Each structure stands twice: as structure tokens, then as C-alpha cells.
Amino acid sequence: MTDAFDDVLTANADYVRRFHLGGLQPVAARGLALVTCMDSRIEPLEMLGLKPGDAKILRNAGARVTDDTLRTLVLAVYLLGVDRVMVLPHTRCKMASVSGDAEVHDIIAARHGVDTRSLEFHTDKDQLGALRHDLERIRHHPLLPKNLAVAGAVYDVDTGTVTPVTE
């Protein structure tokens, strides 16, 4: 490895000395799957009163329910003890602040000279509309149980507040 990772590998050595999660079971002890954004301002366990082992955390840009998210939820429900799903995007998200995927492609091309048009970023300025659409994708997925509890909320990165979204 290169020096670019020395800081995290050194931190891991400290973590190993304090490690206490050995023997934790792979199931979601509280039956929760949380779909949230990869944003580093989000601390999924602490903000929802969870501890390691309580939930399956799925993170991606924008907290979107993509095909891969659905695949992972199917596995989580049938193999890992998940019986409820919360989708939790956040305020001031870059994926909800642009006019669409084309703008992101243009920004990356202009700044870095990389053509990303083969990728779909799932941007949407209508964050609540996108959330409601994603909740429906989960509710109507043919491989997920009809009685699966599904909810949406928005996390405020400035206050820490999680606000449920009504349908």
C-alpha cells in the first residue's frame, strides 16, 4: 500500500486494541435496514439510537433506491433478519442540488476531463418526490414481502433532526 493510507491503517491498529464486536451475529438485531446517503455528515447508528449489529446500513450517493439497493434489501429481508426499511436522505445533498445527471456529467468533465455519461447518478431536485418514488419501488418490488414496513424521513445535517415524511 502507499503512504496515502497510512493514517487509516494506523487508526485501525488503535481500533484493534479496543475491538469489542467479535461474535456479533450477522443479522439485524432490531430488524432495520436503513438506506441513507454516503455523506460523511451522517452518523447512522448514533442519530437513530442504534448500536453495531442493530441494523443493516445501505449507503449511496443521494440515498436512492437503485436496483442494487433492491437486490441488497431482498438479501437483508430473507437472510439477515430485516423486517422494516427506512429510506433517509438528507438536507443540503449534492445529488438534490443539481438540475440533473447531465449537470453532474458536465461538472466532472469540465473539472477532471472524465466522461461519466455511461453512469446514472439518480439526481433529482425534487428530493421529497424522489423519496416517495423510492418508497414505492420498495413497496411494490415483486420479491419483497407485501407486509414489509417501509418509511421515509429526511435528516437535517445542520440540526441532527430526523423528520418523517408522510405519504
# chains A, B, ... in the order shown; residues from 1 in each chain; ligands from 1
$ residues_around --residues "Val98 in chain A" --least-positions-apart "4" --cutoff "12 Å" --atoms "only C-alpha atoms" --output "PyMOL selection string"
chain A and resi 62+92-94+102-107+121-127
$ write_last_selection --atoms "N, CA, C and O atoms" --output "JSON list (two decimals), in the first residue's frame"
[["chain", "number", "residue", "atom", "x", "y", "z"],
["A", 62, "GLY", "N", -26.97, 10.15, -2.49],
["A", 62, "GLY", "CA", -28.35, 10.59, -2.55],
["A", 62, "GLY", "C", -29.36, 9.72, -1.84],
["A", 62, "GLY", "O", -30.55, 10.01, -1.87],
["A", 92, "ARG", "N", -29.37, 19.56, 2.19],
["A", 92, "ARG", "CA", -28.15, 20.06, 1.55],
["A", 92, "ARG", "C", -27.35, 18.95, 0.87],
["A", 92, "ARG", "O", -26.13, 18.91, 0.92],
["A", 93, "CYS", "N", -28.06, 18.03, 0.21],
["A", 93, "CYS", "CA", -27.42, 16.93, -0.51],
["A", 93, "CYS", "C", -27.04, 17.39, -1.92],
["A", 93, "CYS", "O", -27.86, 17.99, -2.62],
["A", 94, "LYS", "N", -25.84, 17.11, -2.33],
["A", 94, "LYS", "CA", -25.38, 17.49, -3.67],
["A", 94, "LYS", "C", -26.24, 16.85, -4.76],
["A", 94, "LYS", "O", -26.53, 17.47, -5.78],
["A", 102, "ALA", "N", -27.12, 15.29, -16.17],
["A", 102, "ALA", "CA", -26.32, 15.97, -17.19],
["A", 102, "ALA", "C", -25.42, 17.03, -16.58],
["A", 102, "ALA", "O", -24.26, 17.19, -16.98],
["A", 103, "GLU", "N", -25.92, 17.75, -15.57],
["A", 103, "GLU", "CA", -25.11, 18.76, -14.91],
["A", 103, "GLU", "C", -23.91, 18.13, -14.19],
["A", 103, "GLU", "O", -22.80, 18.65, -14.25],
["A", 104, "VAL", "N", -24.13, 17.00, -13.53],
["A", 104, "VAL", "CA", -23.03, 16.31, -12.84],
["A", 104, "VAL", "C", -22.00, 15.83, -13.86],
["A", 104, "VAL", "O", -20.79, 15.99, -13.66],
["A", 105, "HIS", "N", -22.47, 15.24, -14.96],
["A", 105, "HIS", "CA", -21.55, 14.80, -16.02],
["A", 105, "HIS", "C", -20.72, 15.97, -16.53],
["A", 105, "HIS", "O", -19.50, 15.86, -16.69],
["A", 106, "ASP", "N", -21.37, 17.11, -16.75],
["A", 106, "ASP", "CA", -20.67, 18.30, -17.25],
["A", 106, "ASP", "C", -19.65, 18.82, -16.25],
["A", 106, "ASP", "O", -18.54, 19.20, -16.62],
["A", 107, "ILE", "N", -19.99, 18.83, -14.97],
["A", 107, "ILE", "CA", -19.07, 19.31, -13.93],
["A", 107, "ILE", "C", -17.83, 18.42, -13.89],
["A", 107, "ILE", "O", -16.69, 18.91, -13.85],
["A", 121, "PHE", "N", -26.54, 8.77, -12.16],
["A", 121, "PHE", "CA", -26.31, 9.23, -10.79],
["A", 121, "PHE", "C", -27.59, 9.37, -9.97],
["A", 121, "PHE", "O", -27.54, 9.58, -8.78],
["A", 122, "HIS", "N", -28.74, 9.29, -10.60],
["A", 122, "HIS", "CA", -30.04, 9.35, -9.91],
["A", 122, "HIS", "C", -30.24, 10.67, -9.17],
["A", 122, "HIS", "O", -30.81, 10.69, -8.08],
["A", 123, "THR", "N", -29.79, 11.76, -9.76],
["A", 123, "THR", "CA", -30.01, 13.07, -9.16],
["A", 123, "THR", "C", -31.47, 13.46, -9.32],
["A", 123, "THR", "O", -32.15, 13.00, -10.25],
["A", 124, "ASP", "N", -31.96, 14.30, -8.40],
["A", 124, "ASP", "CA", -33.34, 14.78, -8.51],
["A", 124, "ASP", "C", -33.51, 15.99, -7.60],
["A", 124, "ASP", "O", -33.35, 15.88, -6.39],
["A", 125, "LYS", "N", -33.82, 17.14, -8.18],
["A", 125, "LYS", "CA", -34.04, 18.36, -7.39],
["A", 125, "LYS", "C", -35.26, 18.23, -6.50],
["A", 125, "LYS", "O", -35.35, 18.89, -5.46],
["A", 126, "ASP", "N", -36.21, 17.39, -6.88],
["A", 126, "ASP", "CA", -37.40, 17.16, -6.07],
["A", 126, "ASP", "C", -37.10, 16.01, -5.10],
["A", 126, "ASP", "O", -37.50, 14.87, -5.30],
["A", 127, "GLN", "N", -36.36, 16.34, -4.05],
["A", 127, "GLN", "CA", -35.91, 15.31, -3.13],
["A", 127, "GLN", "C", -37.06, 14.54, -2.49],
["A", 127, "GLN", "O", -37.01, 13.31, -2.37]]
$ closest_residue --among "A:Ile57, A:Val8, A:Leu24, A:Val65" --to "Leu45 in chain A" --atoms "only C-alpha atoms"
A:Ile57
$ closest_residue --among "A:Gly152, A:Pro145, A:Pro52, A:Gly22" --to "Val35 in chain A" --atoms "only C-alpha atoms"
A:Gly152
$ residues_around --residues "Tyr78 in chain A" --least-positions-apart "3" --cutoff "10 Å" --atoms "only C-alpha atoms" --output "JSON, numbers by chain"
{"A": [73, 74, 75, 81, 82, 83, 143, 144, 145]}
$ residues_around --residues "Asp158 in chain A" --least-positions-apart "2" --cutoff "10 Å" --atoms "only C-alpha atoms" --output "ChimeraX atom specification"
/A:41,90-92,155-156,160-161
$ select_by_dssp --residues "chain A" --states "strand (DSSP E)" --output "list of chain:residue names"
A:Leu32, A:Ala33, A:Leu34, A:Val35, A:Thr36, A:Cys37, A:Ala55, A:Lys56, A:Ile57, A:Leu58, A:Arg59, A:Asn60, A:Arg84, A:Val85, A:Met86, A:Val87, A:Leu88, A:Ala149, A:Val150, A:Ala151, A:Gly152, A:Ala153, A:Val154, A:Tyr155, A:Val162, A:Thr163, A:Pro164, A:Val165
$ residues_around --residues "His141 in chain A" --least-positions-apart "3" --cutoff "12 Å" --atoms "only C-alpha atoms" --output "PyMOL selection string"
chain A and resi 65-67+69-71+73-74+134-138+144-148+150
$ closest_atom_pairs --of "range 46-92 of chain A" --to "range 25-30 of chain A" --cutoff "8 Å" --atoms "only C-alpha atoms" --output "tab-separated table"
residue	atom	partner	partner_atom	distance
A:Gly53	CA	A:Ala28	CA	5.8
A:Asp54	CA	A:Ala29	CA	4.4
A:Ala55	CA	A:Ala28	CA	4.5
A:Lys56	CA	A:Ala28	CA	5.9
A:Leu79	CA	A:Val27	CA	7.7
A:Leu80	CA	A:Val27	CA	4.3
A:Gly81	CA	A:Val27	CA	5.2
A:Val82	CA	A:Ala28	CA	6.0
$ write_last_selection --atoms "N, CA, C and O atoms" --output "short mmCIF file (atom, residue, chain, number, x, y, z; two decimals), in the first residue's frame"
data_model
loop_
_atom_site.label_atom_id
_atom_site.label_comp_id
_atom_site.auth_asym_id
_atom_site.auth_seq_id
_atom_site.Cartn_x
_atom_site.Cartn_y
_atom_site.Cartn_z
N GLY A 53 -24.70 -3.93 14.98
CA GLY A 53 -25.48 -5.16 14.97
C GLY A 53 -26.97 -4.94 14.93
O GLY A 53 -27.73 -5.87 14.65
N ASP A 54 -27.44 -3.73 15.19
CA ASP A 54 -28.88 -3.46 15.22
C ASP A 54 -29.50 -3.38 13.83
O ASP A 54 -30.67 -3.72 13.66
N ALA A 55 -28.76 -2.89 12.85
CA ALA A 55 -29.35 -2.59 11.54
C ALA A 55 -28.38 -2.87 10.41
O ALA A 55 -27.16 -2.90 10.61
N LYS A 56 -28.94 -3.04 9.24
CA LYS A 56 -28.16 -3.11 8.01
C LYS A 56 -28.19 -1.71 7.41
O LYS A 56 -29.26 -1.14 7.22
N LEU A 79 -32.40 -13.18 4.46
CA LEU A 79 -31.25 -13.86 5.07
C LEU A 79 -30.70 -13.17 6.32
O LEU A 79 -29.96 -13.79 7.08
N LEU A 80 -31.05 -11.89 6.55
CA LEU A 80 -30.38 -11.14 7.60
C LEU A 80 -31.32 -10.49 8.61
O LEU A 80 -30.95 -9.55 9.30
N GLY A 81 -32.54 -10.98 8.69
CA GLY A 81 -33.45 -10.56 9.76
C GLY A 81 -34.11 -9.20 9.62
O GLY A 81 -34.65 -8.68 10.58
N VAL A 82 -34.11 -8.63 8.43
CA VAL A 82 -34.73 -7.31 8.24
C VAL A 82 -36.23 -7.46 8.04
O VAL A 82 -36.67 -8.26 7.21
#
$ closest_residue --among "A:Arg18, A:Leu32, A:Met38, A:Leu88" --to "Leu50 in chain A" --atoms "only C-alpha atoms"
A:Leu32
$ select_by_dssp --residues "range 12-70 of chain A" --states "helix (DSSP H, G or I)" --output "PyMOL selection string"
chain A and resi 12-18+44-47+67-70
$ atom_distance --atom1 "CA of His140 in chain A" --atom2 "CA of Asp68 in chain A"
15.6 Å
